[in-house]
Amino acid sequence: MRRVLVTGLGTFWGGRIAQALEADPNVEVIIGLDTTEPTVELERTEYVRVDANYSILAKIVRATRVDTIIHTFLVVDPTQMSRRAMHEVNVIGTMNLFAAASAPDSTVRNVIVKSATAVYGCSVEDPTWFSEDTPPSRSLRRPIERSLDQVEGYVRDFAEDNPHVSVSLLRFSNVIGSEIVTPLTRALELPMVPSMFGFDPRFQFVHEDDVIRSIQFVLDRNLAGIYNVAGDGLLPWTEVASLCGKRTFPMLPFASGELLWPFKRLGVVDLPDEYLNLLRYGRGVDNGKLKRAGFEYDYTSAQSVKAFIEAVRLCRTIGNHTPNYRYERDVEQFFRHSPSVIREVK
Amino acid sequence: MAAARSPRPTAKRGPSIASVTARATKAKEVAASRDLVHVPAVTPARPRTDDDQLIRHGDVDEWGRSESMRQMARRLYDPIYSKWFRAEWEGLEKIPTDGGALLVSNHAGAIPSDAPVIMHGIETELERPVYGLADHFFRKMPVVGTLWSRLGGLPAHPDNAYRLLREQKQLVLVFPEGSKGPSKPMRERYQLARFGRGGFVEIAMRAGVPVIPIAVIGAEESMPIVAKLPAVAKVLGAPYMPVTANMLAFGPLGAALYFPAKFKLKVLDPVYFNVEPDQERYSKSRIMDESEKVREAIQQELYSMLKDRRSIWFG
């Protein structure tokens with residue numbers, strides 16, 4: 001029986017993972033932390049509101065005696081918040097999380113951290129495929145890359161100091177699917193897909209379902225170590241656009257950040273620097289290590305893009321049907337704890 | 001000549017096991033539907049294969065090479081290859097028709113003319129793709145970089161070379177001189193520069209493939225350098241900025257127009273290293289020795305080819 005703590009319950013990932021865990025009979029307790037309320041309906045997950053950098057985390061870990069921490073609350077999309085807020089969430093949050101997990105009386109035995117392939121950077125010297133131990137070709141300069149790199153530093157330190165804890169670090173490629181919204185999916189939904197003039201880099205994608213499945217896979221097997229999670233194959237950006245039935249709109253390859261600024265202000269295009277660079281050189285990561293551990297992907301890069309565009313087409317016809325769930329504290333507490341509610345005896 | 005033969009698509013694969021089994025399950029479904037009670041067939045789980053259909057959308061492979069673009073380039077380039085440079089090969093049979101091998105050649109010409117000649121020659125004669133490793137400088141350039149990539153060029157990263165040679169058993173062309181080869185002035189022609197740090201030998205050892213040296217004459221005279229402009233190179237971020245004899249002769253056109261030097265290419269005996277592949281480290285002294293041996297073999301072959309050469313233009 002596992003007692004699991006999920007960080008970032010209010011985010012897309014936290015919510016999805018908590019839902020997946022609820023279906024798992026081996027998971028006894030699920031505790032979700034976030035600054036915001038969950039956006040998906042959850043049956044037995046306990047939501048605890050915390051501040052962005054988890055200052056009360058040590059208390060929670062001690063009180064609940066969780067044995068597994070799934071750390072999904074890492075911001076990999078720089079459009080979500082300011083650089084400073086991102087630093088608080090990613091670096092300070094992770095630091096506090098590990099401080100709590102490495103307390104002398106800590107019951108934590110498994111930690112899964114959701115990182116991103118952005119930690120490999122993106123530059124002209126890059127190999128076509130990064131494997132887990134390939135260092136970045138150039139020192140990381142962009143905010144997200146540096147932030148994730150610092151987070152991974154804490155993960156490494158924690159793993160080294162706590163050899164009795166199985167620490168898995170998953171690096172996800174560009175996630176796409178029917179629900180998730182990222183700068184790339186927003187770009188692909190524009191009337192014309194922005195591209196960099198004269199460049200046609202190869203992109204890799206991973207389907208959101210494969211992301212959830214990979215986390216469960218790693219959890220089930222207590223797989224320690226660093227793993228890339230990305231679909232098979234690389235697709236040139238023009239082919240990604242054509243799969244989506246779009247033409248590309250080439251931006252000038254110099255000063256594109258500055259030229260894009262008015263559009264960014266208007267909210268038409270929202271492509272941060274990290275992505276502008278990706279539109280030049282792309283990035284491929286080797287997914288062989290996780291496959292050799294036995295994981296099977298449901299989607300290749302191309303299939304993930306297809307799944308995404310199918311969902312977009314469906315939305316165009318029937319409208320956006322996200323269920324209108326609102327977290328009501330009293331209602332949730334009632335269903336979870338009221339003696340009047342008859343719960344199934346396990 | 002085989003050069004006139006239409007090149008067949010190189011990424012050819014037979015029907016995969018998955019498609020055969022898919023056909024078999026389809027047959028079963030048809031049989032089932034003839035039953036009295038119609039039971040909807042259980043859709044089998046998605047076959048997990050490395051089938052290109054699932055991975056690719058167009059014909060661009062993971063390295064960025066596009067067979068259709070290559071085909072078009074071969075058609076356009078063929079007159080230059082056979083009429084302008086009149087390329088002539090010797091020892092092509094030493095290049096294997098399957099299995100990985102690392103092709104190593106001398107490098108020359110301000111804009112090196114040897115790489116396209118070697119790639120074109122082997123692809124048309126042996127009907128298998130050649131991937132050319134080069135400085136990542138190309139990748140930085142808009143349009144040129146994309147074309148270069150579609151035509152089989154890729155940055156010379158050891159990981160790239162290893163995967164191509166070891167896992168995909170392809171032919172990979174590399175110029176160990178790097179940019180020191182093409183940037184050397186006319187008076188140093190056919191004098192091989194240092195062969196890097198012997199990285200090509202290490203990769204071949206790790207990948208367990210032979211090194212096949214190729215000696216090329218003609219490239220040096222197709223676009224000789226008379227002067228260099230280091231200041232301009234610095235501004236452009238280019239490895240070097242040459243003033244070529246072609247520019248002096250043809251004006252601005254000379255930036256792209258080669259002299260019609262006669263090309264002769266000779267494939268030397270493959271070098272096998274007889275070491276265990278996939279080792280963490282290989283003896284540095286052995287690597288440097290082997291690297292020097294390959295360099296010396298090409299150098300000596302160049303001298304003997306030049307001894308036989310009566311004319312730069314007619315061979």
# chains A, B, ... in the order shown; residues from 1 in each chain; ligands from 1

call {"tool": "residues_around", "arguments": {"residues": "Ser311 of chain B", "least_positions_apart": "5", "cutoff": "12 Å", "atoms": "only C-alpha atoms", "output": "list in words"}}
result
Ile217, Gly218, Glu221, Pro260, Ala261, Lys262, Phe263, Lys264, Met305 and Leu306 of chain B

call {"tool": "write_last_selection", "arguments": {"atoms": "C-alpha atoms", "output": "tab-separated table (two decimals), in the first residue's frame"}}
result
chain	number	residue	atom	x	y	z
B	217	ILE	CA	42.45	14.93	-56.77
B	218	GLY	CA	40.88	17.81	-58.65
B	221	GLU	CA	42.17	23.21	-58.42
B	260	PRO	CA	36.42	22.40	-64.55
B	261	ALA	CA	39.27	20.47	-62.95
B	262	LYS	CA	39.35	16.77	-63.73
B	263	PHE	CA	38.29	14.74	-60.67
B	264	LYS	CA	39.92	11.43	-59.91
B	305	MET	CA	48.07	10.03	-58.37
B	306	LEU	CA	49.64	13.44	-58.93

call {"tool": "closest_atom_pairs", "arguments": {"of": "chain B", "to": "chain A", "cutoff": "7 Å", "atoms": "only C-alpha atoms", "output": "CSV"}}
result
residue,atom,partner,partner_atom,distance
B:Leu54,CA,A:Thr300,CA,6.5
B:Ile55,CA,A:Gly233,CA,5.1
B:Arg56,CA,A:Ala302,CA,6.4
B:His57,CA,A:Glu239,CA,6.7
B:Gly58,CA,A:Glu239,CA,6.8
B:Glu62,CA,A:Leu234,CA,5.4
B:Trp63,CA,A:Thr128,CA,6.8
B:His136,CA,A:Glu125,CA,6.1
B:Arg139,CA,A:Val124,CA,6.5
B:Lys140,CA,A:Val124,CA,6.5
B:Pro142,CA,A:Gly198,CA,4.1
B:Val143,CA,A:Gly198,CA,3.9
B:Thr146,CA,A:Phe199,CA,5.7
B:His157,CA,A:Pro127,CA,5.7
B:Asp159,CA,A:Pro127,CA,6.4
B:Asn160,CA,A:Pro127,CA,6.0

call {"tool": "write_last_selection", "arguments": {"atoms": "C-alpha atoms", "output": "CSV table (one decimal), in the first residue's frame"}}
result
chain,number,residue,atom,x,y,z
B,54,LEU,CA,3.8,5.6,-37.7
B,55,ILE,CA,7.0,7.6,-37.3
B,56,ARG,CA,7.1,9.7,-40.4
B,57,HIS,CA,4.8,12.0,-42.2
B,58,GLY,CA,7.0,13.0,-45.2
B,62,GLU,CA,15.6,11.6,-38.3
B,63,TRP,CA,18.8,13.1,-39.6
B,136,HIS,CA,27.9,22.8,-37.5
B,139,ARG,CA,23.3,24.5,-39.5
B,140,LYS,CA,23.4,28.1,-38.5
B,142,PRO,CA,19.1,29.9,-43.0
B,143,VAL,CA,18.0,28.1,-46.2
B,146,THR,CA,18.1,23.3,-44.3
B,157,HIS,CA,28.9,15.1,-33.4
B,159,ASP,CA,26.9,10.7,-31.1
B,160,ASN,CA,25.5,11.3,-34.6

call {"tool": "residues_around", "arguments": {"residues": "Tyr154 of chain A", "least_positions_apart": "6", "cutoff": "12 Å", "atoms": "only C-alpha atoms", "output": "JSON, numbers by chain"}}
result
{"A": [90, 91, 92, 93, 94, 95, 96, 97, 98, 99, 102, 113, 147, 148, 160, 161, 162, 167, 169]}

call {"tool": "write_last_selection", "arguments": {"atoms": "N, CA and C atoms", "output": "PDB file, in the first residue's frame"}}
result
ATOM      1  N   ASN A  90       9.827  26.553  -8.931  1.00  0.00           N
ATOM      2  CA  ASN A  90      10.707  25.459  -9.344  1.00  0.00           C
ATOM      3  C   ASN A  90      11.829  25.214  -8.354  1.00  0.00           C
ATOM      4  N   VAL A  91      12.657  26.217  -8.165  1.00  0.00           N
ATOM      5  CA  VAL A  91      13.889  25.996  -7.411  1.00  0.00           C
ATOM      6  C   VAL A  91      13.623  25.955  -5.911  1.00  0.00           C
ATOM      7  N   ILE A  92      12.949  26.994  -5.394  1.00  0.00           N
ATOM      8  CA  ILE A  92      12.718  27.044  -3.948  1.00  0.00           C
ATOM      9  C   ILE A  92      11.747  25.946  -3.541  1.00  0.00           C
ATOM     10  N   GLY A  93      10.724  25.733  -4.353  1.00  0.00           N
ATOM     11  CA  GLY A  93       9.752  24.678  -4.063  1.00  0.00           C
ATOM     12  C   GLY A  93      10.435  23.322  -3.972  1.00  0.00           C
ATOM     13  N   THR A  94      11.285  23.009  -4.949  1.00  0.00           N
ATOM     14  CA  THR A  94      11.969  21.715  -4.949  1.00  0.00           C
ATOM     15  C   THR A  94      12.907  21.595  -3.760  1.00  0.00           C
ATOM     16  N   MET A  95      13.576  22.701  -3.462  1.00  0.00           N
ATOM     17  CA  MET A  95      14.516  22.686  -2.338  1.00  0.00           C
ATOM     18  C   MET A  95      13.775  22.337  -1.043  1.00  0.00           C
ATOM     19  N   ASN A  96      12.639  22.998  -0.820  1.00  0.00           N
ATOM     20  CA  ASN A  96      11.859  22.728   0.386  1.00  0.00           C
ATOM     21  C   ASN A  96      11.297  21.316   0.395  1.00  0.00           C
ATOM     22  N   LEU A  97      10.892  20.871  -0.779  1.00  0.00           N
ATOM     23  CA  LEU A  97      10.336  19.528  -0.893  1.00  0.00           C
ATOM     24  C   LEU A  97      11.370  18.496  -0.460  1.00  0.00           C
ATOM     25  N   PHE A  98      12.582  18.655  -0.966  1.00  0.00           N
ATOM     26  CA  PHE A  98      13.619  17.679  -0.630  1.00  0.00           C
ATOM     27  C   PHE A  98      14.098  17.837   0.807  1.00  0.00           C
ATOM     28  N   ALA A  99      14.052  19.062   1.291  1.00  0.00           N
ATOM     29  CA  ALA A  99      14.412  19.264   2.690  1.00  0.00           C
ATOM     30  C   ALA A  99      13.450  18.469   3.561  1.00  0.00           C
ATOM     31  N   SER A 102      13.989  14.654   3.245  1.00  0.00           N
ATOM     32  CA  SER A 102      15.224  14.074   3.767  1.00  0.00           C
ATOM     33  C   SER A 102      15.376  14.304   5.269  1.00  0.00           C
ATOM     34  N   VAL A 113      10.240  12.937 -10.122  1.00  0.00           N
ATOM     35  CA  VAL A 113      10.249  14.352 -10.488  1.00  0.00           C
ATOM     36  C   VAL A 113      10.009  14.476 -11.979  1.00  0.00           C
ATOM     37  N   SER A 147      16.528  27.150 -14.733  1.00  0.00           N
ATOM     38  CA  SER A 147      15.695  26.805 -13.602  1.00  0.00           C
ATOM     39  C   SER A 147      15.608  25.284 -13.443  1.00  0.00           C
ATOM     40  N   LEU A 148      15.346  24.592 -14.555  1.00  0.00           N
ATOM     41  CA  LEU A 148      15.230  23.139 -14.484  1.00  0.00           C
ATOM     42  C   LEU A 148      16.569  22.502 -14.137  1.00  0.00           C
ATOM     43  N   GLU A 160      21.856  11.373  -4.018  1.00  0.00           N
ATOM     44  CA  GLU A 160      23.163  10.980  -3.500  1.00  0.00           C
ATOM     45  C   GLU A 160      23.139  10.858  -1.969  1.00  0.00           C
ATOM     46  N   ASP A 161      22.464  11.824  -1.325  1.00  0.00           N
ATOM     47  CA  ASP A 161      22.436  11.839   0.136  1.00  0.00           C
ATOM     48  C   ASP A 161      21.501  10.790   0.710  1.00  0.00           C
ATOM     49  N   ASN A 162      20.546  10.328  -0.088  1.00  0.00           N
ATOM     50  CA  ASN A 162      19.547   9.388   0.414  1.00  0.00           C
ATOM     51  C   ASN A 162      19.508   8.131  -0.443  1.00  0.00           C
ATOM     52  N   VAL A 167      14.914   7.439  -6.492  1.00  0.00           N
ATOM     53  CA  VAL A 167      14.614   8.734  -7.100  1.00  0.00           C
ATOM     54  C   VAL A 167      14.567   8.580  -8.615  1.00  0.00           C
ATOM     55  N   LEU A 169      13.894  10.610 -12.221  1.00  0.00           N
ATOM     56  CA  LEU A 169      13.785  11.926 -12.834  1.00  0.00           C
ATOM     57  C   LEU A 169      13.352  11.693 -14.273  1.00  0.00           C
TER      58      LEU A 169
END

call {"tool": "residues_around", "arguments": {"residues": "Leu76 of chain B", "least_positions_apart": "6", "cutoff": "12 Å", "atoms": "only C-alpha atoms", "output": "list in words"}}
result
Met69, Arg70, Ser82, Lys83, Pro116 and His120 of chain B

call {"tool": "residues_around", "arguments": {"residues": "Val117 of chain B", "least_positions_apart": "3", "cutoff": "8 Å", "atoms": "only C-alpha atoms", "output": "PyMOL selection string"}}
result
chain B and resi 81+87+113-114+120-121

call {"tool": "residues_around", "arguments": {"residues": "Arg44 of chain A", "least_positions_apart": "2", "cutoff": "7 Å", "atoms": "only C-alpha atoms", "output": "VMD selection string"}}
result
chain A and resid 22 42 46 336

call {"tool": "residues_around", "arguments": {"residues": "segment 195-201 of chain B", "least_positions_apart": "4", "cutoff": "8 Å", "atoms": "only C-alpha atoms", "output": "PyMOL selection string"}}
result
chain B and resi 102+158+174+176-178+205+211+287-288+290-292+295

call {"tool": "write_last_selection", "arguments": {"atoms": "N, CA and C atoms", "output": "short mmCIF file (atom, residue, chain, number, x, y, z; two decimals), in the first residue's frame"}}
result
data_model
loop_
_atom_site.label_atom_id
_atom_site.label_comp_id
_atom_site.auth_asym_id
_atom_site.auth_seq_id
_atom_site.Cartn_x
_atom_site.Cartn_y
_atom_site.Cartn_z
N LEU B 102 33.00 3.99 -42.34
CA LEU B 102 33.33 5.40 -42.21
C LEU B 102 34.27 5.78 -43.36
N PRO B 158 30.07 13.25 -32.39
CA PRO B 158 30.39 11.83 -32.26
C PRO B 158 29.14 10.95 -32.08
N VAL B 174 33.42 11.55 -43.72
CA VAL B 174 33.95 12.58 -42.84
C VAL B 174 35.30 13.06 -43.37
N PRO B 176 38.55 14.38 -41.86
CA PRO B 176 39.20 14.62 -40.57
C PRO B 176 40.01 15.90 -40.52
N GLU B 177 40.34 16.45 -41.69
CA GLU B 177 41.08 17.71 -41.67
C GLU B 177 40.20 18.84 -41.16
N GLY B 178 38.89 18.67 -41.27
CA GLY B 178 37.97 19.73 -40.87
C GLY B 178 38.14 20.93 -41.78
N MET B 205 36.16 2.63 -34.17
CA MET B 205 36.42 1.55 -33.22
C MET B 205 35.19 1.27 -32.38
N VAL B 211 37.35 1.84 -41.46
CA VAL B 211 37.56 3.15 -42.07
C VAL B 211 37.99 2.91 -43.50
N ILE B 287 44.93 5.06 -31.19
CA ILE B 287 44.09 5.93 -32.02
C ILE B 287 44.95 6.87 -32.85
N MET B 288 45.92 7.50 -32.20
CA MET B 288 46.76 8.45 -32.92
C MET B 288 47.59 7.75 -33.99
N GLU B 290 46.80 4.93 -35.61
CA GLU B 290 45.93 4.54 -36.72
C GLU B 290 45.54 5.75 -37.55
N SER B 291 45.24 6.84 -36.85
CA SER B 291 44.86 8.06 -37.54
C SER B 291 46.00 8.52 -38.46
N GLU B 292 47.21 8.46 -37.93
CA GLU B 292 48.36 8.88 -38.71
C GLU B 292 48.58 7.94 -39.90
N ARG B 295 46.14 8.84 -42.55
CA ARG B 295 46.54 10.09 -43.17
C ARG B 295 47.70 9.85 -44.13
#

call {"tool": "closest_residue", "arguments": {"among": "A:Leu271, A:Ala307, A:Val89, A:Val6", "to": "Gly177 of chain A", "atoms": "only C-alpha atoms"}}
result
A:Ala307

call {"tool": "select_by_dssp", "arguments": {"residues": "segment 151-343 of chain A", "states": "strand (DSSP E)", "output": "count of residues only"}}
result
32

call {"tool": "atom_distance", "arguments": {"atom1": "atom CA of Asp149 of chain A", "atom2": "atom CA of His164 of chain A"}}
result
23.5 Å
